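K.L.:
You'll find coords.txt just under this line, and it carries compact mmCIF, C-alpha atoms and all ligand atoms.
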```txt
# COMPACT_ATOMS: atom_id res chain seq x y z
CA MET H 1 146.96 97.94 62.20
CA ARG H 2 145.54 98.45 65.66
CA ALA H 3 141.84 98.43 66.46
CA ALA H 4 139.27 98.08 69.25
CA VAL H 5 138.51 94.37 69.16
CA VAL H 6 135.62 92.51 70.82
CA ARG H 7 136.42 88.83 71.30
CA ALA H 8 133.53 87.98 73.66
CA PHE H 9 130.12 89.68 73.90
CA GLY H 10 129.70 91.33 77.27
CA GLU H 11 133.35 92.35 77.49
CA PRO H 12 134.68 95.76 76.49
CA PRO H 13 136.77 95.97 73.32
CA ARG H 14 140.54 95.79 73.72
CA PHE H 15 143.04 97.81 71.76
CA GLU H 16 145.13 95.27 69.89
CA GLU H 17 146.66 94.26 66.57
CA PHE H 18 144.15 93.28 63.92
CA PRO H 19 144.53 92.33 60.23
CA ASP H 20 144.51 95.29 57.86
CA PRO H 21 141.23 95.81 56.00
CA VAL H 22 141.19 95.15 52.27
CA ALA H 23 138.96 96.94 49.75
CA SER H 24 137.20 94.52 47.42
CA GLY H 25 134.64 96.28 45.21
CA PRO H 26 135.14 99.10 42.69
CA ASP H 27 133.45 101.57 45.06
CA GLU H 28 135.48 100.60 48.10
CA VAL H 29 138.52 102.36 49.49
CA VAL H 30 140.54 101.95 52.67
CA VAL H 31 140.45 105.15 54.71
CA ASP H 32 142.58 106.27 57.62
CA VAL H 33 140.04 106.79 60.37
CA VAL H 34 140.30 110.29 61.82
CA ALA H 35 137.42 110.24 64.32
CA SER H 36 134.62 107.83 65.28
CA ALA H 37 132.06 108.22 68.05
CA LEU H 38 130.80 105.92 70.76
CA ALA H 39 127.04 106.13 70.16
CA PRO H 40 124.60 103.83 72.04
CA ARG H 41 124.21 101.94 68.77
CA VAL H 42 127.95 101.14 68.82
CA ARG H 43 127.64 99.79 72.34
CA SER H 44 124.76 97.51 71.36
CA GLN H 45 126.70 96.40 68.27
CA ALA H 46 129.67 95.50 70.49
CA ALA H 47 127.37 93.68 72.92
CA GLY H 48 125.80 91.70 70.07
CA SER H 49 122.41 92.98 71.13
CA HIS H 50 121.41 95.35 68.30
CA TYR H 51 118.63 94.10 66.06
CA THR H 52 121.05 94.05 63.11
CA SER H 53 123.72 92.07 65.01
CA THR H 54 125.12 88.78 63.77
CA ASP H 55 127.04 86.59 66.20
CA ALA H 56 130.31 87.03 64.33
CA LEU H 57 133.43 87.36 66.50
CA PRO H 58 135.99 88.83 66.66
CA LEU H 59 134.32 92.12 65.95
CA VAL H 60 135.62 95.64 65.48
CA PRO H 61 132.68 97.88 66.43
CA GLY H 62 132.03 101.36 65.05
CA LEU H 63 129.17 102.50 62.92
CA ASP H 64 130.46 105.59 61.18
CA GLY H 65 133.12 108.24 61.32
CA VAL H 66 135.33 110.64 59.47
CA GLY H 67 138.27 109.34 57.49
CA ARG H 68 141.00 110.41 55.11
CA ALA H 69 140.58 108.72 51.73
CA PRO H 70 143.52 107.72 49.49
CA ASP H 71 142.87 110.80 47.31
CA GLY H 72 143.44 113.01 50.39
CA SER H 73 139.79 114.01 50.81
CA LEU H 74 138.17 114.11 54.22
CA ARG H 75 134.97 112.03 54.17
CA TYR H 76 132.13 111.22 56.52
CA PHE H 77 131.26 107.55 56.08
CA LEU H 78 128.48 105.27 57.26
CA LEU H 79 129.45 101.61 57.35
CA PRO H 80 127.15 98.74 56.38
CA ASP H 81 126.43 96.05 59.00
CA THR H 82 129.96 94.74 59.37
CA ASP H 83 132.27 93.09 61.86
CA ARG H 84 135.10 95.35 60.58
CA GLY H 85 133.92 98.68 62.01
CA ALA H 86 135.28 102.18 62.42
CA LEU H 87 137.02 101.89 65.80
CA ALA H 88 140.29 101.11 64.07
CA GLU H 89 143.22 102.86 62.47
CA ARG H 90 141.80 101.97 59.06
CA THR H 91 138.52 100.71 57.70
CA VAL H 92 136.93 99.93 54.33
CA VAL H 93 134.48 102.54 53.11
CA ASP H 94 132.00 102.25 50.26
CA LEU H 95 132.25 105.64 48.57
CA ARG H 96 128.51 105.51 47.84
CA ARG H 97 127.89 105.55 51.60
CA SER H 98 130.17 108.49 52.26
CA VAL H 99 130.36 112.20 51.51
CA ALA H 100 133.29 114.52 51.01
CA LEU H 101 133.52 117.18 53.71
CA PRO H 102 134.67 120.77 53.39
CA ASP H 103 138.42 121.05 54.02
CA ASP H 104 137.85 123.07 57.17
CA ALA H 105 135.18 120.75 58.64
CA ASP H 106 135.83 119.65 62.22
CA PRO H 107 136.05 115.82 62.09
CA VAL H 108 135.25 115.48 65.79
CA ALA H 109 132.06 117.59 65.53
CA ILE H 110 130.89 115.60 62.50
CA ALA H 111 131.68 112.22 64.05
CA ALA H 112 129.91 113.19 67.29
CA ALA H 113 126.74 114.64 65.79
CA ALA H 114 126.04 112.62 62.66
CA ASN H 115 124.33 109.64 64.30
CA PRO H 116 122.22 111.50 66.89
CA ALA H 117 121.27 114.27 64.43
CA MET H 118 120.41 111.78 61.71
CA SER H 119 117.78 110.17 63.97
CA SER H 120 115.40 113.13 63.85
CA TRP H 121 116.59 114.54 60.52
CA VAL H 122 115.64 111.38 58.66
CA ALA H 123 112.49 110.84 60.72
CA LEU H 124 111.11 114.28 59.90
CA ARG H 125 112.37 114.55 56.34
CA ARG H 126 111.93 111.03 55.06
CA ARG H 127 109.92 108.80 57.41
CA ILE H 128 106.79 110.88 57.95
CA PRO H 129 105.10 113.60 55.90
CA PHE H 130 106.21 116.38 58.22
CA ALA H 131 105.28 119.92 57.19
CA ALA H 132 106.77 123.19 58.38
CA GLY H 133 104.59 124.74 61.05
CA GLN H 134 103.59 121.44 62.64
CA SER H 135 104.26 121.08 66.35
CA VAL H 136 106.70 118.52 67.70
CA LEU H 137 107.14 116.98 71.13
CA VAL H 138 110.52 115.35 71.78
CA LEU H 139 110.07 112.62 74.37
CA GLY H 140 113.47 112.11 76.01
CA ALA H 141 115.19 115.39 75.19
CA THR H 142 118.07 115.09 77.67
CA GLY H 143 120.33 112.83 75.60
CA ASN H 144 122.37 113.79 72.56
CA ALA H 145 119.82 112.59 69.99
CA GLY H 146 116.86 114.09 71.86
CA ARG H 147 118.61 117.44 72.33
CA LEU H 148 119.52 117.56 68.66
CA ALA H 149 115.94 116.61 67.74
CA VAL H 150 114.86 119.97 69.14
CA ALA H 151 117.46 121.77 66.98
CA VAL H 152 116.60 119.67 63.92
CA ALA H 153 112.86 120.29 64.32
CA ARG H 154 113.57 124.01 64.58
CA ARG H 155 115.83 123.92 61.53
CA LEU H 156 113.12 122.06 59.56
CA GLY H 157 110.52 124.69 60.37
CA ALA H 158 108.55 123.14 63.20
CA GLY H 159 105.97 125.38 64.83
CA ARG H 160 105.75 124.84 68.59
CA ILE H 161 108.44 122.53 70.02
CA VAL H 162 108.12 120.83 73.39
CA ALA H 163 111.12 119.16 75.02
CA ALA H 164 110.20 116.49 77.58
CA GLY H 165 112.63 114.55 79.71
CA ARG H 166 113.74 113.73 83.18
CA GLY H 167 115.59 116.67 84.67
CA PRO H 168 114.01 119.71 82.94
CA GLU H 169 116.84 121.90 84.28
CA ARG H 170 119.18 120.09 81.89
CA MET H 171 117.02 121.16 78.93
CA ALA H 172 116.89 124.86 79.82
CA ASP H 173 119.43 125.73 77.12
CA LEU H 174 117.41 124.09 74.32
CA ASP H 175 115.66 126.12 71.64
CA ALA H 176 112.28 124.73 72.69
CA ASP H 177 109.07 126.68 73.25
CA GLU H 178 108.29 124.63 76.31
CA VAL H 179 110.27 122.29 78.54
CA VAL H 180 108.39 119.74 80.64
CA ALA H 181 109.22 116.92 83.02
CA LEU H 182 108.06 113.36 82.37
CA ASP H 183 105.00 114.09 84.42
CA GLY H 184 101.45 113.12 83.42
CA ASP H 185 99.81 116.52 83.96
CA ALA H 186 102.61 118.44 82.25
CA LEU H 187 102.63 116.07 79.28
CA ALA H 188 98.84 116.23 79.01
CA ARG H 189 98.95 120.03 78.80
CA ALA H 190 101.94 120.19 76.48
CA GLY H 191 100.81 117.36 74.22
CA ALA H 192 97.15 118.34 73.83
CA ASP H 193 97.68 119.66 70.32
CA VAL H 194 101.06 118.37 69.11
CA ASP H 195 101.22 116.85 65.64
CA VAL H 196 104.34 114.73 66.01
CA VAL H 197 106.07 112.97 68.90
CA LEU H 198 109.71 111.97 68.43
CA ASP H 199 110.14 109.21 71.01
CA TYR H 200 113.62 108.32 72.32
CA LEU H 201 112.36 106.54 75.46
CA TRP H 202 109.84 103.73 74.86
CA GLY H 203 109.21 101.38 77.80
CA GLU H 204 106.88 102.51 80.58
CA PRO H 205 107.48 106.27 79.98
CA THR H 206 106.00 105.99 76.48
CA ALA H 207 102.92 104.15 77.73
CA ALA H 208 102.53 106.76 80.50
CA ALA H 209 102.89 109.61 77.99
CA LEU H 210 100.20 108.09 75.76
CA ARG H 211 97.92 107.61 78.76
CA ALA H 212 98.38 111.32 79.58
CA ILE H 213 98.29 112.86 76.12
CA VAL H 214 95.55 110.95 74.28
CA PRO H 215 92.66 111.78 76.67
CA ALA H 216 93.86 115.40 76.74
CA ARG H 217 93.69 115.97 72.98
CA ALA H 218 91.91 119.24 72.27
CA ASP H 219 90.61 117.92 68.95
CA ASP H 220 89.96 114.18 68.75
CA ALA H 221 90.22 114.33 64.97
CA GLN H 222 93.71 115.86 64.90
CA PRO H 223 96.23 113.26 63.66
CA LEU H 224 99.00 112.35 66.11
CA THR H 225 102.09 110.78 64.55
CA TRP H 226 104.25 109.02 67.13
CA VAL H 227 107.71 108.17 65.84
CA GLN H 228 109.56 105.46 67.76
CA ILE H 229 113.31 106.26 67.47
CA GLY H 230 115.09 105.19 70.64
CA SER H 231 114.48 102.87 73.55
CA VAL H 232 116.63 104.08 76.42
CA ALA H 233 113.81 103.38 78.91
CA GLY H 234 112.87 99.90 77.66
CA LEU H 235 112.86 97.72 74.57
CA GLU H 236 109.17 96.95 75.05
CA SER H 237 106.27 99.18 76.04
CA PRO H 238 102.76 98.34 77.33
CA ILE H 239 100.95 100.59 74.83
CA PRO H 240 97.32 101.20 75.93
CA SER H 241 95.01 99.80 73.26
CA ALA H 242 92.50 102.62 73.76
CA ALA H 243 95.08 105.15 72.59
CA LEU H 244 94.95 103.62 69.12
CA ARG H 245 91.17 103.77 69.03
CA ALA H 246 90.54 107.14 70.67
CA VAL H 247 92.45 109.40 68.27
CA PRO H 248 93.98 109.06 64.78
CA LEU H 249 97.24 107.83 66.27
CA GLN H 250 99.89 106.61 63.87
CA LEU H 251 102.69 104.66 65.50
CA VAL H 252 105.74 104.34 63.25
CA GLY H 253 109.41 103.60 63.79
CA SER H 254 112.35 105.35 62.20
CA GLY H 255 115.76 103.76 61.90
CA GLN H 256 117.94 101.46 59.89
CA GLY H 257 115.55 99.23 57.92
CA SER H 258 112.33 101.19 58.26
CA VAL H 259 114.23 103.92 56.44
CA PRO H 260 116.07 102.33 53.50
CA THR H 261 119.84 102.70 53.45
CA ARG H 262 119.73 104.58 50.14
CA VAL H 263 117.41 107.15 51.74
CA ILE H 264 119.72 107.62 54.71
CA ARG H 265 122.65 107.85 52.31
CA ASP H 266 120.87 110.55 50.29
CA GLU H 267 120.56 112.66 53.44
CA LEU H 268 124.21 112.40 54.50
CA GLY H 269 125.53 115.28 52.41
CA GLU H 270 123.11 117.94 53.53
CA LEU H 271 123.22 116.83 57.14
CA ALA H 272 127.04 116.80 57.18
CA LEU H 273 127.07 120.35 55.84
CA GLU H 274 124.63 121.46 58.54
CA ILE H 275 126.83 119.93 61.22
CA ALA H 276 129.96 121.41 59.64
CA ARG H 277 128.44 124.88 59.83
CA GLY H 278 127.73 124.36 63.53
CA ALA H 279 123.94 123.87 63.41
CA PHE H 280 123.92 120.72 65.57
CA PRO H 281 126.60 120.91 68.26
CA VAL H 282 127.22 118.02 70.64
CA PRO H 283 129.32 118.17 73.82
CA THR H 284 132.26 115.89 73.10
CA ARG H 285 135.23 114.30 74.80
CA THR H 286 138.02 113.05 72.58
CA VAL H 287 139.76 109.87 73.69
CA SER H 288 142.70 108.07 72.15
CA LEU H 289 141.55 104.76 70.69
CA SER H 290 144.29 103.11 72.76
CA ASP H 291 142.16 104.02 75.82
CA VAL H 292 139.04 102.32 74.44
CA GLU H 293 138.72 99.81 77.26
CA ARG H 294 138.77 102.49 79.96
CA ALA H 295 136.40 104.80 78.08
CA TRP H 296 133.98 101.91 77.55
CA THR H 297 133.58 101.22 81.24
CA ALA H 298 133.70 104.85 82.45
CA PRO H 299 130.55 106.19 84.21
CA PRO H 300 127.93 107.64 81.81
CA SER H 301 128.48 111.27 80.89
CA ARG H 302 126.62 113.83 78.81
CA GLU H 303 129.67 114.17 76.61
CA ARG H 304 129.82 112.02 73.52
CA VAL H 305 133.10 110.12 73.42
CA VAL H 306 134.88 110.47 70.09
CA PHE H 307 137.79 108.11 69.52
CA LEU H 308 140.89 109.31 67.74
CA PRO H 309 142.96 106.38 66.39
N1 LIG H 401 116.58 105.17 65.21
C1 LIG H 401 117.62 105.94 64.96
O1 LIG H 401 117.85 106.36 63.83
C2 LIG H 401 118.52 106.33 66.10
C3 LIG H 401 119.68 107.12 65.87
C4 LIG H 401 120.42 107.55 66.96
C5 LIG H 401 120.06 107.16 68.25
N2 LIG H 401 118.98 106.35 68.42
C6 LIG H 401 118.57 105.90 69.75
O2 LIG H 401 118.15 107.00 70.50
C7 LIG H 401 118.39 106.74 71.88
C8 LIG H 401 119.16 107.90 72.50
O3 LIG H 401 120.44 107.99 71.87
P1 LIG H 401 121.45 109.13 72.31
O4 LIG H 401 122.54 109.14 71.32
O5 LIG H 401 120.73 110.39 72.61
O6 LIG H 401 121.98 108.55 73.71
P2 LIG H 401 122.59 109.36 74.93
O7 LIG H 401 123.26 110.59 74.47
O8 LIG H 401 123.38 108.35 75.70
O9 LIG H 401 121.33 109.82 75.79
C9 LIG H 401 120.51 108.93 76.42
C10 LIG H 401 119.59 109.73 77.34
O10 LIG H 401 118.54 108.88 77.73
C11 LIG H 401 118.13 109.30 79.00
N3 LIG H 401 117.47 108.21 79.71
C12 LIG H 401 117.96 106.99 79.98
N4 LIG H 401 117.04 106.26 80.62
C13 LIG H 401 115.95 107.05 80.75
C14 LIG H 401 114.67 106.89 81.34
N5 LIG H 401 114.33 105.73 81.93
N6 LIG H 401 113.81 107.91 81.28
C15 LIG H 401 114.15 109.07 80.71
N7 LIG H 401 115.34 109.30 80.14
C16 LIG H 401 116.23 108.30 80.16
C17 LIG H 401 119.40 109.69 79.70
O11 LIG H 401 118.99 110.60 80.65
P3 LIG H 401 119.79 110.94 81.96
O12 LIG H 401 120.78 111.96 81.50
O13 LIG H 401 118.77 111.44 82.88
O14 LIG H 401 120.45 109.65 82.45
C18 LIG H 401 120.24 110.27 78.58
O15 LIG H 401 120.11 111.67 78.57
C19 LIG H 401 119.11 105.40 71.94
O16 LIG H 401 118.15 104.39 72.17
C20 LIG H 401 119.69 105.26 70.55
O17 LIG H 401 119.91 103.92 70.20
C21 LIG H 401 118.21 105.95 67.37
```
As a first step, turn the structure in this file into structure tokens.
Ligand SMILES: NC(=O)c1ccc[n+]([C@@H]2O[C@H](COP(=O)([O-])OP(=O)(O)OC[C@H]3O[C@@H](n4cnc5c(N)ncnc54)[C@H](OP(=O)(O)O)[C@@H]3O)[C@@H](O)[C@H]2O)c1
P.N.:
Amino acid sequence: MRAAVVRAFGEPPRFEEFPDPVASGPDEVVVDVVASALAPRVRSQAAGSHYTSTDALPLVPGLDGVGRAPDGSLRYFLLPDTDRGALAERTVVDLRRSVALPDDADPVAIAAAANPAMSSWVALRRRIPFAAGQSVLVLGATGNAGRLAVAVARRLGAGRIVAAGRGPERMADLDADEVVALDGDALARAGADVDVVLDYLWGEPTAAALRAIVPARADDAQPLTWVQIGSVAGLESPIPSAALRAVPLQLVGSGQGSVPTRVIRDELGELALEIARGAFPVPTRTVSLSDVERAWTAPPSRERVVFLP
């Protein structure tokens, strides 16, 4: 078969011949990949820099996707940590980590939205005790995951929703109650009484947001749950120590590991149905997998690239 193959970290994958995958366990099947997206997580997997990465090469990246199983069903699948990923004509899927999709589901929409939507869906449903009516601030709401976090929070019954990010004009179409720039005064006002922050930024912007929001809390006793999800602005952040003392601040992370795989797996079905009914749309650009090298090095775009083998 042909696949996107990484032979050296730091170089884009190349479209080339690769040995066919072989199913080994009773729950495994080989699927024909229909669509698989280029999420930031796939880039870090291909670069060998994700926290789950091993140094195994050659590597076929690709975290998840939609495939056609041998029984003809269309399935969304989430792969385990593997060097035989989804950016290929075929891949091995563990049926326990996949869900059958409605016949009329759009494979591209599911492949594009599953990973970014899952980030907030799992955080709010399974990582923290979120209750309908609570207010949510999405820190970094310009990217795909941050934008969907606003829609997910709304779908899960959030009260007030604040979208914060650089370039507020790009968040004007979001279903948020308030849109603010990454500006200390604006964040202080908007964050004075939020219950939950979904943080896609980290780095200096997170430290700056804490420095703005914590002293502005209307009620010092109100719990503030800060969920670390993404780190587009920095892998490390100089968190002010006083923030942890001044208010009941809970700093937790949500992702692969802090949320057990079986929990993520349990959420796949419902989330896939929500995406299939159009609840969490993502702007997409479909690209033939044979063009993987060019797509990999293309300038960043708001559109999520979805590869079609
Ligand atoms: N933990 C999980 O379960 C999970 C799941 C999915 C994603 N994630 C993580 O979430 C993050 C976002 O993923 P994504 O799919 O939304 O990526 P994306 O679609 O590529 O969006 C990234 C966004 O980050 C913004 N950005 C980059 N640097 C920034 C900075 N210094 N300050 C403010 N904004 C900045 C970009 O804004 P501009 O448009 O202004 O450049 C862009 O809109 C990634 O770190 C990803 O790994 C985590």
K.L.:
Tell me, counting only C-alpha atoms and all ligand atoms, for each residue of chain H within 7 Å of ligand LIG 401 (chain H), which pair of atoms is nearest and how far apart they are in Å to one decimal, in rows ordered by chain and increasing number, as CSV.
P.N.:
```
residue,atom,partner,partner_atom,distance
H:Ala39,CA,H:LIG401,O4,5.5
H:Pro40,CA,H:LIG401,O17,5.0
H:Arg41,CA,H:LIG401,O17,4.9
H:Asn115,CA,H:LIG401,C4,5.2
H:Pro116,CA,H:LIG401,C4,4.3
H:Met118,CA,H:LIG401,C3,6.3
H:Ser119,CA,H:LIG401,O1,3.8
H:Gly140,CA,H:LIG401,N7,5.3
H:Thr142,CA,H:LIG401,O15,4.1
H:Gly143,CA,H:LIG401,O9,3.2
H:Asn144,CA,H:LIG401,O5,3.8
H:Ala145,CA,H:LIG401,O5,3.5
H:Gly146,CA,H:LIG401,O5,5.4
H:Gly165,CA,H:LIG401,C15,5.8
H:Arg166,CA,H:LIG401,C15,5.3
H:Gly167,CA,H:LIG401,O13,6.4
H:Tyr200,CA,H:LIG401,C7,5.0
H:Leu201,CA,H:LIG401,C15,6.1
H:Pro205,CA,H:LIG401,N6,6.7
H:Ile229,CA,H:LIG401,N1,4.1
H:Gly230,CA,H:LIG401,O16,3.5
H:Ser231,CA,H:LIG401,O16,4.2
H:Val232,CA,H:LIG401,O16,4.5
H:Ala233,CA,H:LIG401,N5,3.9
H:Ser254,CA,H:LIG401,N1,5.2
H:Gly255,CA,H:LIG401,N1,3.7
H:Gln256,CA,H:LIG401,O1,6.3
H:Arg302,CA,H:LIG401,O7,6.4
H:Arg304,CA,H:LIG401,O7,6.8
```
K.L.:
Between H:Leu187, H:Val122, H:Val66, H:Ala46, which one has atoms that come closest to H:Pro260, using all atoms listed in the file?
P.N.:
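The shortest atom-to-atom distance to H:Pro260 comes from H:Val122.
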K.L.:
Mind dumping a table of every stretch 87-136 of chain H residue within 9 Å of stretch 266-269 of chain H, with the nearest atom pair and its distance in Å to one decimal, using only C-alpha atoms, sorted by chain and rising number, as a Markdown table?
P.N.:
```
| residue | atom | partner | partner_atom | distance |
| --- | --- | --- | --- | --- |
| H:Arg97 | CA | H:Leu268 | CA | 8.3 |
| H:Ser98 | CA | H:Leu268 | CA | 7.5 |
| H:Val99 | CA | H:Gly269 | CA | 5.8 |
| H:Ala100 | CA | H:Gly269 | CA | 7.9 |
| H:Leu101 | CA | H:Gly269 | CA | 8.3 |
| H:Ala114 | CA | H:Leu268 | CA | 8.4 |
| H:Met118 | CA | H:Leu268 | CA | 8.2 |
| H:Trp121 | CA | H:Glu267 | CA | 8.3 |
| H:Val122 | CA | H:Glu267 | CA | 7.3 |
| H:Arg125 | CA | H:Glu267 | CA | 8.9 |
| H:Arg126 | CA | H:Glu267 | CA | 8.9 |
```
K.L.:
At a cut-off of 8 Å, using all atoms listed in the file, what residues contact stretch 52-57 of chain H? Leave out same-chain residues fewer than 5 positions from it and give the result as a ChimeraX atom specification.
P.N.:
/H:6-8,45,81,83
K.L.:
With C-alpha atoms kept, could you save the residues just selected as a short mmCIF file (atom, residue, chain, number, x, y, z; two decimals), in the frame of the given file?
P.N.:
```
data_model
loop_
_atom_site.label_atom_id
_atom_site.label_comp_id
_atom_site.auth_asym_id
_atom_site.auth_seq_id
_atom_site.Cartn_x
_atom_site.Cartn_y
_atom_site.Cartn_z
CA VAL H 6 135.62 92.51 70.82
CA ARG H 7 136.42 88.83 71.30
CA ALA H 8 133.53 87.98 73.66
CA GLN H 45 126.70 96.40 68.27
CA ASP H 81 126.43 96.05 59.00
CA ASP H 83 132.27 93.09 61.86
#
```
K.L.:
Which residue, H:Leu87, H:Leu235, H:Phe130, H:Glu17, has the smallest gap to H:Ser49 when you use all atoms listed in the file?
P.N.:
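Under the stated criterion, the closest residue is H:Leu235.
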K.L.:
Can you work out which one of H:Leu38, H:Arg189, H:Arg277, H:Pro19 has the shortest atom-to-atom distance to H:Ala295, counting all atoms listed in the file?
P.N.:
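That would be H:Leu38, the residue with the smallest distance to H:Ala295.
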K.L.:
For the atom pair atom CA of H:Arg96 and atom CA of H:Ala112, what is the interatomic distance in Å to one decimal place?
P.N.:
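Calculated distance between atom CA of H:Arg96 and atom CA of H:Ala112 is 21.0 Å.
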K.L.:
What separation in Å, quoted to one decimal, exists between atom CA of H:Ile161 and atom CA of H:Asp175?
P.N.:
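Computing the Euclidean distance for atom CA of H:Ile161 and atom CA of H:Asp175 yields 8.2 Å.
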K.L.:
Using only C-alpha atoms for the distances, tell me which of H:Val31, H:Val287, H:Ala4, H:Ala190 is nearest to H:Val108.
P.N.:
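Closest residue, counting only C-alpha atoms: H:Val287.
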K.L.:
Quick one: everything within 9 Å of H:Gln222, counting all atoms listed in the file, minus sequence neighbours fewer than 4 positions away in the same chain. Send it as a ChimeraX atom specification.
P.N.:
/H:193-195,217-218,247-249
K.L.:
Hey, which of H:Val60, H:Leu74, H:His50, H:Phe9 ends up closest to H:Val292? Count all atoms listed in the file.
P.N.:
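Looking only at the distances to H:Val292, the closest residue turns out to be H:Val60.
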K.L.:
Tell me which protein, DNA and RNA residues are within 10 Å of H:Glu303, counting all atoms listed in the file, leaving out same-chain ones fewer than 3 positions away, and put them as a list of chain:residue names.
P.N.:
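Surrounding residues, per the criterion: H:Ala112, H:Gly143, H:Asn144, H:Val282, H:Pro283, H:Thr284, H:Arg285, H:Thr286, H:Pro300, H:Val306.
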K.L.:
I'd like to know which of H:Ser290, H:Val180, H:Gly234, H:Asp220 is closest to H:Glu204, using all atoms listed in the file.
P.N.:
H:Gly234
K.L.:
Please provide the set of residues having any atom within 7 Å of H:Ser36, restricted to only C-alpha atoms, with same-chain residues fewer than 3 positions apart removed, written as an MDAnalysis selection string.
P.N.:
chainID H and resid 62 64:66 86:87 111 306:308
K.L.:
Export, as a CSV table (one decimal), in the frame of the given file, the selected residues with C-alpha atoms.
P.N.:
```csv
chain,number,residue,atom,x,y,z
H,62,GLY,CA,132.0,101.4,65.0
H,64,ASP,CA,130.5,105.6,61.2
H,65,GLY,CA,133.1,108.2,61.3
H,66,VAL,CA,135.3,110.6,59.5
H,86,ALA,CA,135.3,102.2,62.4
H,87,LEU,CA,137.0,101.9,65.8
H,111,ALA,CA,131.7,112.2,64.0
H,306,VAL,CA,134.9,110.5,70.1
H,307,PHE,CA,137.8,108.1,69.5
H,308,LEU,CA,140.9,109.3,67.7
```
